[in-house]
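**Student:** What follows is a structure written as structure tokens; I'll ask about it next.
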Amino acid sequence: VPGNELQIYTWMDATLRELTGLIKEVNIESRVRGTTFDFVLVSPEYNCPRFNAFEIGLTVAGNRSPDDSKTLGNTRFSIGDYLDVRITPPERFMRRPAPMRYLKKKKPFTH
């Protein structure tokens, strides 16, 4: 398990917004407005030693998002599953790639 693992005991009717709030209570850097929380459900396969991952939602600190009210019960979550949450600071999330610049092909120089 990762060193920054956070164990949360919760109910199936907990929303992603509530889980975001619990994470922000212990992770000071994630309190910045615009920080995104990508929730991925990780569940074991019962027939082999492998895990499946399913994206279940995204929340944004300080902003409303469509997945705020999604509950664990609305997903494939079951007892014993894990949630993997990627926390992305706002400057990385909001940064856009530089525009592509197309160079015109120069005609060969002739005398």
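Starting from 1 in every chain, residues are counted up; chains themselves are A, B, ... following the order of the structure tokens, and ligands are numbered from 1 as listed.
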Check chain A with DSSP on the backbone and list each residue it calls alpha helix (DSSP H), as a PDB file with N, CA and C atoms, in the first residue's frame.

**Tutor:**
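Printed below is part-v3.pdb as written:
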```pdb
ATOM      1  N   LEU A  16     -19.645  11.131  -3.163  1.00  0.00           N
ATOM      2  CA  LEU A  16     -18.271  11.467  -3.523  1.00  0.00           C
ATOM      3  C   LEU A  16     -17.883  12.828  -2.945  1.00  0.00           C
ATOM      4  N   ARG A  17     -18.837  13.749  -2.832  1.00  0.00           N
ATOM      5  CA  ARG A  17     -18.566  15.058  -2.229  1.00  0.00           C
ATOM      6  C   ARG A  17     -18.194  14.900  -0.751  1.00  0.00           C
ATOM      7  N   GLU A  18     -18.889  14.008  -0.037  1.00  0.00           N
ATOM      8  CA  GLU A  18     -18.565  13.760   1.377  1.00  0.00           C
ATOM      9  C   GLU A  18     -17.184  13.122   1.515  1.00  0.00           C
ATOM     10  N   LEU A  19     -16.865  12.192   0.638  1.00  0.00           N
ATOM     11  CA  LEU A  19     -15.539  11.576   0.680  1.00  0.00           C
ATOM     12  C   LEU A  19     -14.455  12.596   0.351  1.00  0.00           C
ATOM     13  N   THR A  20     -14.733  13.498  -0.569  1.00  0.00           N
ATOM     14  CA  THR A  20     -13.798  14.579  -0.884  1.00  0.00           C
ATOM     15  C   THR A  20     -13.529  15.415   0.358  1.00  0.00           C
ATOM     16  N   GLY A  21     -14.590  15.735   1.115  1.00  0.00           N
ATOM     17  CA  GLY A  21     -14.429  16.511   2.342  1.00  0.00           C
ATOM     18  C   GLY A  21     -13.578  15.797   3.371  1.00  0.00           C
ATOM     19  N   LEU A  22     -13.733  14.484   3.501  1.00  0.00           N
ATOM     20  CA  LEU A  22     -12.926  13.719   4.442  1.00  0.00           C
ATOM     21  C   LEU A  22     -11.458  13.729   4.041  1.00  0.00           C
ATOM     22  N   ILE A  23     -11.201  13.628   2.750  1.00  0.00           N
ATOM     23  CA  ILE A  23      -9.819  13.666   2.266  1.00  0.00           C
ATOM     24  C   ILE A  23      -9.209  15.039   2.527  1.00  0.00           C
ATOM     25  N   LYS A  24      -9.968  16.097   2.288  1.00  0.00           N
ATOM     26  CA  LYS A  24      -9.459  17.456   2.487  1.00  0.00           C
ATOM     27  C   LYS A  24      -9.160  17.744   3.956  1.00  0.00           C
ATOM     28  N   GLU A  25      -9.847  17.065   4.882  1.00  0.00           N
ATOM     29  CA  GLU A  25      -9.573  17.266   6.304  1.00  0.00           C
ATOM     30  C   GLU A  25      -8.163  16.841   6.682  1.00  0.00           C
ATOM     31  N   VAL A  26      -7.641  15.794   6.043  1.00  0.00           N
ATOM     32  CA  VAL A  26      -6.320  15.280   6.409  1.00  0.00           C
ATOM     33  C   VAL A  26      -5.220  15.646   5.412  1.00  0.00           C
ATOM     34  N   PRO A  90      -4.842  22.399  -8.928  1.00  0.00           N
ATOM     35  CA  PRO A  90      -5.506  23.151 -10.009  1.00  0.00           C
ATOM     36  C   PRO A  90      -4.587  23.610 -11.118  1.00  0.00           C
ATOM     37  N   GLU A  91      -3.356  23.988 -10.837  1.00  0.00           N
ATOM     38  CA  GLU A  91      -2.502  24.496 -11.902  1.00  0.00           C
ATOM     39  C   GLU A  91      -2.148  23.404 -12.906  1.00  0.00           C
ATOM     40  N   ARG A  92      -2.000  22.165 -12.460  1.00  0.00           N
ATOM     41  CA  ARG A  92      -1.743  21.079 -13.401  1.00  0.00           C
ATOM     42  C   ARG A  92      -2.995  20.742 -14.182  1.00  0.00           C
ATOM     43  N   PHE A  93      -4.134  20.819 -13.542  1.00  0.00           N
ATOM     44  CA  PHE A  93      -5.388  20.454 -14.202  1.00  0.00           C
ATOM     45  C   PHE A  93      -5.797  21.508 -15.218  1.00  0.00           C
ATOM     46  N   MET A  94      -5.567  22.764 -14.909  1.00  0.00           N
ATOM     47  CA  MET A  94      -6.023  23.852 -15.764  1.00  0.00           C
ATOM     48  C   MET A  94      -5.043  24.183 -16.886  1.00  0.00           C
TER      49      MET A  94
END
```

**Student:** What does the distance from atom CA of Thr15 of chain A to atom CA of Arg33 of chain A come to in Å, to one decimal?

**Tutor:** 19.1 Å
